[in-house]
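Trainee: Structure: upload14.cif, mmCIF, N, CA and C atoms.
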```
data_input
#
loop_
_atom_site.label_atom_id
_atom_site.label_comp_id
_atom_site.auth_asym_id
_atom_site.auth_seq_id
_atom_site.Cartn_x
_atom_site.Cartn_y
_atom_site.Cartn_z
N MET A 1 15.86 -97.47 -71.02
CA MET A 1 15.53 -97.97 -69.70
C MET A 1 15.26 -96.78 -68.80
N LEU A 2 14.24 -96.87 -67.99
CA LEU A 2 13.89 -95.85 -67.01
C LEU A 2 14.72 -96.10 -65.76
N THR A 3 15.46 -95.08 -65.33
CA THR A 3 16.29 -95.21 -64.14
C THR A 3 15.58 -94.53 -62.97
N LEU A 4 15.35 -95.26 -61.91
CA LEU A 4 14.70 -94.70 -60.73
C LEU A 4 15.75 -94.21 -59.74
N ASP A 5 15.55 -92.99 -59.27
CA ASP A 5 16.41 -92.44 -58.24
C ASP A 5 15.65 -92.57 -56.92
N LEU A 6 15.95 -93.60 -56.18
CA LEU A 6 15.21 -93.89 -54.95
C LEU A 6 15.61 -93.00 -53.78
N THR A 7 16.65 -92.17 -53.96
CA THR A 7 17.06 -91.30 -52.87
C THR A 7 16.14 -90.09 -52.74
N ASN A 8 15.54 -89.66 -53.85
CA ASN A 8 14.64 -88.52 -53.85
C ASN A 8 15.28 -87.28 -53.21
N ALA A 9 16.57 -87.12 -53.41
CA ALA A 9 17.30 -86.00 -52.82
C ALA A 9 17.21 -84.76 -53.71
N PRO A 10 17.19 -83.57 -53.10
CA PRO A 10 17.22 -82.34 -53.90
C PRO A 10 18.50 -82.29 -54.73
N ARG A 11 18.43 -81.56 -55.85
CA ARG A 11 19.58 -81.43 -56.74
C ARG A 11 19.81 -79.96 -57.07
N TRP A 12 21.06 -79.65 -57.35
CA TRP A 12 21.43 -78.31 -57.79
C TRP A 12 21.30 -78.23 -59.30
N HIS A 13 20.78 -77.11 -59.79
CA HIS A 13 20.63 -76.85 -61.23
C HIS A 13 21.22 -75.49 -61.54
N ASP A 14 22.14 -75.46 -62.50
CA ASP A 14 22.72 -74.20 -62.95
C ASP A 14 21.78 -73.55 -63.94
N LEU A 15 21.35 -72.31 -63.64
CA LEU A 15 20.42 -71.61 -64.52
C LEU A 15 21.09 -70.53 -65.36
N ALA A 16 22.23 -70.05 -64.89
CA ALA A 16 23.01 -69.03 -65.59
C ALA A 16 24.39 -69.04 -64.96
N PRO A 17 25.37 -68.43 -65.61
CA PRO A 17 26.69 -68.37 -64.98
C PRO A 17 26.61 -67.72 -63.59
N GLY A 18 27.02 -68.45 -62.59
CA GLY A 18 27.01 -67.95 -61.22
C GLY A 18 25.66 -68.02 -60.52
N VAL A 19 24.65 -68.54 -61.19
CA VAL A 19 23.30 -68.65 -60.60
C VAL A 19 22.88 -70.11 -60.61
N ARG A 20 22.63 -70.63 -59.42
CA ARG A 20 22.14 -72.00 -59.34
C ARG A 20 21.11 -72.11 -58.23
N VAL A 21 20.21 -73.07 -58.43
CA VAL A 21 19.13 -73.29 -57.46
C VAL A 21 19.11 -74.75 -57.05
N GLN A 22 18.78 -74.97 -55.80
CA GLN A 22 18.59 -76.34 -55.32
C GLN A 22 17.09 -76.61 -55.35
N LEU A 23 16.71 -77.68 -56.07
CA LEU A 23 15.30 -77.98 -56.30
C LEU A 23 14.93 -79.35 -55.76
N ARG A 24 13.70 -79.42 -55.28
CA ARG A 24 13.14 -80.72 -54.90
C ARG A 24 13.04 -81.59 -56.16
N PRO A 25 13.02 -82.90 -56.00
CA PRO A 25 12.80 -83.78 -57.16
C PRO A 25 11.43 -83.49 -57.77
N LEU A 26 11.34 -83.61 -59.07
CA LEU A 26 10.07 -83.38 -59.77
C LEU A 26 9.23 -84.66 -59.65
N THR A 27 8.40 -84.70 -58.63
CA THR A 27 7.60 -85.89 -58.34
C THR A 27 6.15 -85.69 -58.78
N THR A 28 5.42 -86.77 -58.78
CA THR A 28 3.99 -86.71 -59.08
C THR A 28 3.29 -85.78 -58.10
N ALA A 29 3.59 -85.91 -56.83
CA ALA A 29 2.94 -85.08 -55.81
C ALA A 29 3.19 -83.59 -56.07
N LEU A 30 4.41 -83.25 -56.47
CA LEU A 30 4.74 -81.86 -56.75
C LEU A 30 3.97 -81.35 -57.97
N MET A 31 3.89 -82.16 -59.01
CA MET A 31 3.16 -81.76 -60.22
C MET A 31 1.66 -81.62 -59.94
N VAL A 32 1.09 -82.55 -59.19
CA VAL A 32 -0.34 -82.49 -58.88
C VAL A 32 -0.64 -81.26 -58.03
N ALA A 33 0.20 -81.00 -57.05
CA ALA A 33 0.00 -79.82 -56.21
C ALA A 33 0.10 -78.54 -57.04
N THR A 34 1.01 -78.51 -58.00
CA THR A 34 1.17 -77.33 -58.84
C THR A 34 -0.03 -77.13 -59.75
N ARG A 35 -0.56 -78.21 -60.29
CA ARG A 35 -1.74 -78.09 -61.16
C ARG A 35 -2.92 -77.48 -60.43
N SER A 36 -3.02 -77.73 -59.12
CA SER A 36 -4.15 -77.19 -58.36
C SER A 36 -3.78 -75.91 -57.61
N ASP A 37 -2.64 -75.33 -57.92
CA ASP A 37 -2.21 -74.07 -57.31
C ASP A 37 -3.22 -72.98 -57.67
N PRO A 38 -3.60 -72.13 -56.71
CA PRO A 38 -4.57 -71.07 -57.00
C PRO A 38 -4.14 -70.15 -58.16
N ALA A 39 -2.85 -69.88 -58.28
CA ALA A 39 -2.38 -69.02 -59.38
C ALA A 39 -2.56 -69.71 -60.73
N VAL A 40 -2.39 -71.01 -60.78
CA VAL A 40 -2.58 -71.76 -62.03
C VAL A 40 -4.08 -71.85 -62.35
N GLU A 41 -4.88 -72.13 -61.35
CA GLU A 41 -6.32 -72.22 -61.57
C GLU A 41 -6.95 -70.88 -61.93
N ALA A 42 -6.30 -69.78 -61.54
CA ALA A 42 -6.83 -68.45 -61.82
C ALA A 42 -6.53 -67.97 -63.24
N VAL A 43 -5.71 -68.70 -63.98
CA VAL A 43 -5.40 -68.31 -65.36
C VAL A 43 -6.70 -68.40 -66.16
N PRO A 44 -7.08 -67.31 -66.83
CA PRO A 44 -8.35 -67.32 -67.58
C PRO A 44 -8.34 -68.33 -68.73
N ASP A 45 -9.51 -68.82 -69.07
CA ASP A 45 -9.64 -69.81 -70.15
C ASP A 45 -9.09 -69.29 -71.47
N GLU A 46 -9.21 -67.99 -71.70
CA GLU A 46 -8.77 -67.42 -72.97
C GLU A 46 -7.28 -67.07 -72.98
N ALA A 47 -6.56 -67.40 -71.90
CA ALA A 47 -5.12 -67.13 -71.84
C ALA A 47 -4.37 -67.97 -72.87
N SER A 48 -3.27 -67.43 -73.35
CA SER A 48 -2.44 -68.15 -74.33
C SER A 48 -1.68 -69.29 -73.64
N ASP A 49 -1.16 -70.19 -74.44
CA ASP A 49 -0.34 -71.28 -73.91
C ASP A 49 0.89 -70.73 -73.19
N GLU A 50 1.43 -69.64 -73.72
CA GLU A 50 2.61 -69.02 -73.10
C GLU A 50 2.29 -68.49 -71.71
N GLU A 51 1.12 -67.84 -71.57
CA GLU A 51 0.72 -67.32 -70.26
C GLU A 51 0.51 -68.47 -69.27
N ARG A 52 -0.07 -69.55 -69.75
CA ARG A 52 -0.26 -70.72 -68.89
C ARG A 52 1.08 -71.32 -68.46
N ALA A 53 2.02 -71.38 -69.41
CA ALA A 53 3.34 -71.95 -69.11
C ALA A 53 4.06 -71.12 -68.05
N VAL A 54 3.97 -69.81 -68.14
CA VAL A 54 4.62 -68.95 -67.15
C VAL A 54 3.98 -69.13 -65.78
N ALA A 55 2.65 -69.14 -65.73
CA ALA A 55 1.96 -69.32 -64.44
C ALA A 55 2.32 -70.66 -63.82
N PHE A 56 2.35 -71.70 -64.64
CA PHE A 56 2.68 -73.03 -64.13
C PHE A 56 4.13 -73.09 -63.65
N ALA A 57 5.05 -72.55 -64.44
CA ALA A 57 6.48 -72.58 -64.06
C ALA A 57 6.71 -71.85 -62.75
N LYS A 58 6.09 -70.70 -62.59
CA LYS A 58 6.26 -69.94 -61.35
C LYS A 58 5.69 -70.71 -60.15
N ALA A 59 4.51 -71.29 -60.33
CA ALA A 59 3.90 -72.06 -59.23
C ALA A 59 4.76 -73.27 -58.89
N LEU A 60 5.29 -73.93 -59.91
CA LEU A 60 6.16 -75.08 -59.67
C LEU A 60 7.44 -74.65 -58.96
N ALA A 61 8.04 -73.57 -59.42
CA ALA A 61 9.28 -73.09 -58.81
C ALA A 61 9.07 -72.69 -57.35
N ARG A 62 7.92 -72.06 -57.05
CA ARG A 62 7.65 -71.68 -55.65
C ARG A 62 7.61 -72.90 -54.75
N ARG A 63 7.20 -74.04 -55.29
CA ARG A 63 7.17 -75.28 -54.50
C ARG A 63 8.51 -76.00 -54.50
N ALA A 64 9.27 -75.87 -55.57
CA ALA A 64 10.46 -76.69 -55.75
C ALA A 64 11.75 -76.07 -55.23
N VAL A 65 11.87 -74.74 -55.29
CA VAL A 65 13.12 -74.09 -54.90
C VAL A 65 13.32 -74.19 -53.39
N LEU A 66 14.44 -74.74 -52.99
CA LEU A 66 14.79 -74.85 -51.58
C LEU A 66 15.76 -73.75 -51.16
N THR A 67 16.77 -73.55 -51.97
CA THR A 67 17.75 -72.50 -51.71
C THR A 67 18.39 -72.13 -53.04
N TRP A 68 19.21 -71.09 -53.03
CA TRP A 68 19.90 -70.70 -54.26
C TRP A 68 21.18 -69.98 -53.96
N GLU A 69 21.98 -69.82 -54.98
CA GLU A 69 23.25 -69.09 -54.89
C GLU A 69 23.34 -68.15 -56.08
N GLY A 70 23.96 -66.98 -55.83
CA GLY A 70 24.19 -66.04 -56.92
C GLY A 70 23.02 -65.13 -57.21
N ILE A 71 22.09 -64.98 -56.29
CA ILE A 71 20.92 -64.13 -56.49
C ILE A 71 20.86 -63.12 -55.34
N GLY A 72 20.74 -61.86 -55.71
CA GLY A 72 20.73 -60.80 -54.70
C GLY A 72 19.69 -59.74 -55.00
N ASP A 73 19.59 -58.79 -54.08
CA ASP A 73 18.64 -57.69 -54.24
C ASP A 73 19.25 -56.58 -55.10
N ALA A 74 18.58 -55.44 -55.19
CA ALA A 74 19.04 -54.33 -56.03
C ALA A 74 20.39 -53.77 -55.58
N ASP A 75 20.72 -53.97 -54.31
CA ASP A 75 22.00 -53.49 -53.78
C ASP A 75 23.10 -54.55 -53.90
N GLY A 76 22.75 -55.72 -54.44
CA GLY A 76 23.74 -56.78 -54.62
C GLY A 76 23.94 -57.65 -53.39
N LYS A 77 23.07 -57.49 -52.39
CA LYS A 77 23.17 -58.33 -51.19
C LYS A 77 22.40 -59.63 -51.44
N PRO A 78 23.00 -60.78 -51.09
CA PRO A 78 22.30 -62.06 -51.30
C PRO A 78 20.96 -62.08 -50.58
N ILE A 79 19.98 -62.67 -51.23
CA ILE A 79 18.65 -62.82 -50.62
C ILE A 79 18.25 -64.29 -50.63
N ASP A 80 17.37 -64.62 -49.71
CA ASP A 80 16.82 -65.97 -49.64
C ASP A 80 15.63 -66.08 -50.59
N PRO A 81 15.33 -67.29 -51.02
CA PRO A 81 14.15 -67.46 -51.87
C PRO A 81 12.87 -67.10 -51.13
N SER A 82 11.98 -66.43 -51.82
CA SER A 82 10.63 -66.12 -51.33
C SER A 82 9.72 -66.22 -52.55
N PRO A 83 8.43 -66.34 -52.35
CA PRO A 83 7.54 -66.42 -53.53
C PRO A 83 7.73 -65.24 -54.49
N GLU A 84 7.87 -64.04 -53.94
CA GLU A 84 8.05 -62.86 -54.80
C GLU A 84 9.38 -62.90 -55.53
N ALA A 85 10.43 -63.31 -54.83
CA ALA A 85 11.76 -63.36 -55.44
C ALA A 85 11.83 -64.46 -56.51
N ILE A 86 11.18 -65.58 -56.27
CA ILE A 86 11.15 -66.68 -57.25
C ILE A 86 10.42 -66.23 -58.51
N ASP A 87 9.28 -65.55 -58.33
CA ASP A 87 8.54 -65.04 -59.49
C ASP A 87 9.40 -64.04 -60.27
N ALA A 88 10.08 -63.15 -59.55
CA ALA A 88 10.94 -62.16 -60.22
C ALA A 88 12.08 -62.85 -60.96
N LEU A 89 12.64 -63.89 -60.37
CA LEU A 89 13.72 -64.63 -61.03
C LEU A 89 13.23 -65.24 -62.35
N LEU A 90 12.03 -65.83 -62.33
CA LEU A 90 11.51 -66.47 -63.54
C LEU A 90 11.00 -65.45 -64.56
N ASP A 91 10.90 -64.19 -64.18
CA ASP A 91 10.56 -63.15 -65.15
C ASP A 91 11.75 -62.81 -66.04
N ILE A 92 12.92 -63.30 -65.70
CA ILE A 92 14.11 -63.11 -66.53
C ILE A 92 14.13 -64.23 -67.56
N TRP A 93 13.99 -63.87 -68.83
CA TRP A 93 13.80 -64.86 -69.90
C TRP A 93 14.83 -65.98 -69.90
N PRO A 94 16.15 -65.70 -69.88
CA PRO A 94 17.11 -66.82 -69.93
C PRO A 94 16.99 -67.75 -68.71
N ILE A 95 16.62 -67.20 -67.58
CA ILE A 95 16.44 -68.03 -66.37
C ILE A 95 15.21 -68.92 -66.54
N PHE A 96 14.12 -68.33 -67.02
CA PHE A 96 12.91 -69.10 -67.27
C PHE A 96 13.19 -70.26 -68.22
N GLU A 97 13.88 -69.98 -69.32
CA GLU A 97 14.20 -71.02 -70.30
C GLU A 97 15.08 -72.12 -69.69
N ALA A 98 16.07 -71.72 -68.91
CA ALA A 98 16.95 -72.70 -68.27
C ALA A 98 16.17 -73.56 -67.28
N PHE A 99 15.27 -72.95 -66.52
CA PHE A 99 14.44 -73.70 -65.57
C PHE A 99 13.59 -74.72 -66.32
N GLN A 100 12.99 -74.28 -67.43
CA GLN A 100 12.16 -75.17 -68.22
C GLN A 100 12.98 -76.34 -68.79
N LEU A 101 14.17 -76.04 -69.29
CA LEU A 101 14.99 -77.07 -69.93
C LEU A 101 15.64 -78.02 -68.94
N THR A 102 16.17 -77.50 -67.84
CA THR A 102 16.92 -78.36 -66.92
C THR A 102 16.04 -79.08 -65.90
N TYR A 103 14.85 -78.57 -65.67
CA TYR A 103 14.03 -79.15 -64.61
C TYR A 103 12.69 -79.66 -65.14
N VAL A 104 11.89 -78.77 -65.68
CA VAL A 104 10.54 -79.14 -66.09
C VAL A 104 10.54 -80.13 -67.25
N SER A 105 11.31 -79.87 -68.28
CA SER A 105 11.26 -80.72 -69.47
C SER A 105 11.72 -82.14 -69.20
N LYS A 106 12.62 -82.32 -68.26
CA LYS A 106 13.06 -83.69 -67.95
C LYS A 106 11.90 -84.51 -67.40
N GLY A 107 11.05 -83.91 -66.61
CA GLY A 107 9.89 -84.63 -66.11
C GLY A 107 8.85 -84.85 -67.19
N LEU A 108 8.71 -83.88 -68.09
CA LEU A 108 7.72 -84.01 -69.14
C LEU A 108 8.14 -84.96 -70.24
N LEU A 109 9.43 -85.23 -70.37
CA LEU A 109 9.89 -86.18 -71.38
C LEU A 109 9.27 -87.55 -71.16
N LEU A 110 9.18 -87.96 -69.91
CA LEU A 110 8.55 -89.25 -69.61
C LEU A 110 7.08 -89.23 -70.01
N GLU A 111 6.43 -88.11 -69.78
CA GLU A 111 5.02 -87.97 -70.15
C GLU A 111 4.85 -88.10 -71.66
N GLN A 112 5.75 -87.49 -72.41
CA GLN A 112 5.67 -87.58 -73.87
C GLN A 112 5.96 -88.99 -74.35
N GLU A 113 6.90 -89.66 -73.73
CA GLU A 113 7.25 -91.01 -74.15
C GLU A 113 6.07 -91.95 -74.04
N LYS A 114 5.27 -91.81 -73.00
CA LYS A 114 4.16 -92.74 -72.85
C LYS A 114 3.02 -92.41 -73.79
N ASN A 115 3.04 -91.21 -74.38
CA ASN A 115 2.00 -90.82 -75.31
C ASN A 115 2.50 -90.81 -76.75
N ALA A 116 3.57 -91.51 -77.03
CA ALA A 116 4.20 -91.43 -78.34
C ALA A 116 3.41 -92.10 -79.44
N SER A 117 2.66 -93.14 -79.14
CA SER A 117 1.95 -93.88 -80.17
C SER A 117 0.44 -93.78 -79.95
N ALA A 118 -0.27 -93.64 -81.05
CA ALA A 118 -1.73 -93.62 -80.96
C ALA A 118 -2.22 -95.04 -80.72
N LEU A 119 -3.40 -95.15 -80.18
CA LEU A 119 -3.99 -96.45 -79.97
C LEU A 119 -4.29 -97.11 -81.30
N SER A 120 -4.25 -98.42 -81.33
CA SER A 120 -4.54 -99.18 -82.54
C SER A 120 -6.03 -99.05 -82.86
N PRO A 121 -6.39 -98.90 -84.17
CA PRO A 121 -7.81 -98.77 -84.52
C PRO A 121 -8.61 -100.04 -84.29
N SER A 122 -7.95 -101.16 -84.14
CA SER A 122 -8.67 -102.40 -83.84
C SER A 122 -7.85 -103.17 -82.81
N GLY A 123 -8.45 -104.15 -82.23
CA GLY A 123 -7.72 -104.93 -81.24
C GLY A 123 -8.01 -104.42 -79.84
N PRO A 124 -7.19 -104.81 -78.86
CA PRO A 124 -7.50 -104.52 -77.47
C PRO A 124 -7.48 -103.04 -77.13
N SER A 125 -6.72 -102.21 -77.86
CA SER A 125 -6.68 -100.79 -77.50
C SER A 125 -7.76 -99.99 -78.22
N ALA A 126 -8.26 -100.46 -79.32
CA ALA A 126 -9.36 -99.86 -80.08
C ALA A 126 -9.61 -98.40 -79.74
N GLY A 127 -8.67 -97.57 -80.02
CA GLY A 127 -8.80 -96.18 -79.62
C GLY A 127 -9.08 -95.21 -80.75
N ALA A 128 -8.79 -95.57 -81.98
CA ALA A 128 -8.99 -94.65 -83.08
C ALA A 128 -10.47 -94.57 -83.43
N THR A 129 -10.89 -93.39 -83.86
CA THR A 129 -12.28 -93.22 -84.26
C THR A 129 -12.32 -92.70 -85.68
N ASP A 130 -13.43 -92.97 -86.38
CA ASP A 130 -13.60 -92.47 -87.73
C ASP A 130 -13.90 -90.99 -87.67
N ILE A 131 -13.28 -90.23 -88.56
CA ILE A 131 -13.56 -88.80 -88.60
C ILE A 131 -14.15 -88.38 -89.93
N ALA A 132 -14.09 -89.25 -90.94
CA ALA A 132 -14.64 -88.95 -92.25
C ALA A 132 -16.11 -89.33 -92.29
N THR A 133 -16.89 -88.53 -93.00
CA THR A 133 -18.29 -88.90 -93.14
C THR A 133 -18.41 -89.97 -94.22
N PRO A 134 -19.29 -90.92 -94.05
CA PRO A 134 -19.43 -91.99 -95.03
C PRO A 134 -19.94 -91.45 -96.36
N ALA A 135 -19.54 -92.11 -97.44
CA ALA A 135 -20.01 -91.73 -98.78
C ALA A 135 -21.49 -92.03 -98.90
N LYS A 136 -22.24 -91.18 -99.62
CA LYS A 136 -23.68 -91.36 -99.79
C LYS A 136 -23.98 -92.47 -100.80
N ARG A 137 -23.16 -92.56 -101.83
CA ARG A 137 -23.36 -93.60 -102.84
C ARG A 137 -22.02 -94.09 -103.32
N ARG A 138 -22.06 -95.15 -104.02
CA ARG A 138 -20.85 -95.75 -104.54
C ARG A 138 -20.21 -94.90 -105.61
N ALA A 139 -18.92 -94.79 -105.57
CA ALA A 139 -18.22 -94.01 -106.60
C ALA A 139 -18.25 -94.75 -107.92
N LYS A 140 -18.34 -93.99 -109.00
CA LYS A 140 -18.31 -94.60 -110.32
C LYS A 140 -16.86 -94.82 -110.74
N THR A 141 -16.65 -95.95 -111.38
CA THR A 141 -15.30 -96.25 -111.85
C THR A 141 -15.13 -95.76 -113.27
N ALA A 142 -13.96 -95.47 -113.66
CA ALA A 142 -13.68 -95.00 -115.03
C ALA A 142 -13.83 -96.14 -116.01
N ARG A 143 -14.31 -95.83 -117.21
CA ARG A 143 -14.44 -96.84 -118.24
C ARG A 143 -13.09 -97.16 -118.84
N ARG A 144 -12.93 -98.40 -119.11
CA ARG A 144 -11.68 -98.80 -119.76
C ARG A 144 -11.93 -98.81 -121.26
N GLY A 145 -11.08 -98.25 -121.95
CA GLY A 145 -11.35 -98.19 -123.35
C GLY A 145 -10.35 -98.75 -124.20
#
```
Would you write the structure of this file as structure tokens?
Mentor:
Amino acid sequence: MLTLDLTNAPRWHDLAPGVRVQLRPLTTALMVATRSDPAVEAVPDEASDEERAVAFAKALARRAVLTWEGIGDADGKPIDPSPEAIDALLDIWPIFEAFQLTYVSKGLLLEQEKNASALSPSGPSAGATDIATPAKRRAKTARRG
């Protein structure tokens, strides 16, 4: 069953021991805005899937992060989120992975669920197409002896 959270309230996500971020809900509007982010659109066509994932995650985080705890500058003084600081945070591999697992993947799970089954080759969904080339002539059958 799909559970709707009608409050649409920001939530805290633990990304590492002592590091947590408060994020906006992962909504359609947030995902659509991220897809059209200039940094995402600037990713070259020949970029790898990994490069695309990093660009998308950073753009999403810049939109989603409201505040955080446990993050400081080089002198250990707490800092507020900024686009540069968010990008630097996601450059840390375990933080990037935690962000993907605790925030992004939960939204994408619904996307995967709706795409779980291929369309039926016949009937109202008629979505499958033939990919094999037709035989030129009839196959010969083996003689029974």
Trainee: Run through the PyMOL selection byres ((chain A and resi 23) around 7) on the given coordinates and return the selected residues as a PyMOL selection string.
Mentor: chain A and resi 9-13+21-22+24-26+64-67
Trainee: Can you tell me, as an MDAnalysis selection string, what residues are no more than 10 Å from stretch 92-102 of chain A when counting only C-alpha atoms, ignoring any on the same chain fewer than 3 positions away?
Mentor: chainID A and resid 13:16 19:21 53:54 57:58 61 87:89 105:108
Trainee: For a test of reading the model, state the distance in Å between atom C of A:Ile71 and atom CA of A:Ala59, rounded to one decimal.
Mentor: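 We find that atom C of A:Ile71 and atom CA of A:Ala59 lie 19.6 Å from each other.
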Trainee: Which value, in Å to one decimal, gives the distance between atom CA of A:Arg63 and atom C of A:Asn8?
Mentor: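 Here the two named atoms are 14.5 Å from each other.
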Trainee: Excluding A:Ala55 and residues on its chain fewer than 5 positions from it, collect all residues at most 6 Å away from it, counting all atoms listed in the file, and give them as a list in words.
Mentor: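 Once the nearby chain positions are removed, what remains is Ala39, Val40 and Leu60 of chain A.
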Trainee: I need the residue set behind the PyMOL selection byres (((chain A and resi 81 and name CA) around 8) and name CA) for this file; please write it as a ChimeraX atom specification.
Mentor: /A:65-68,79-80,82-83,85-86
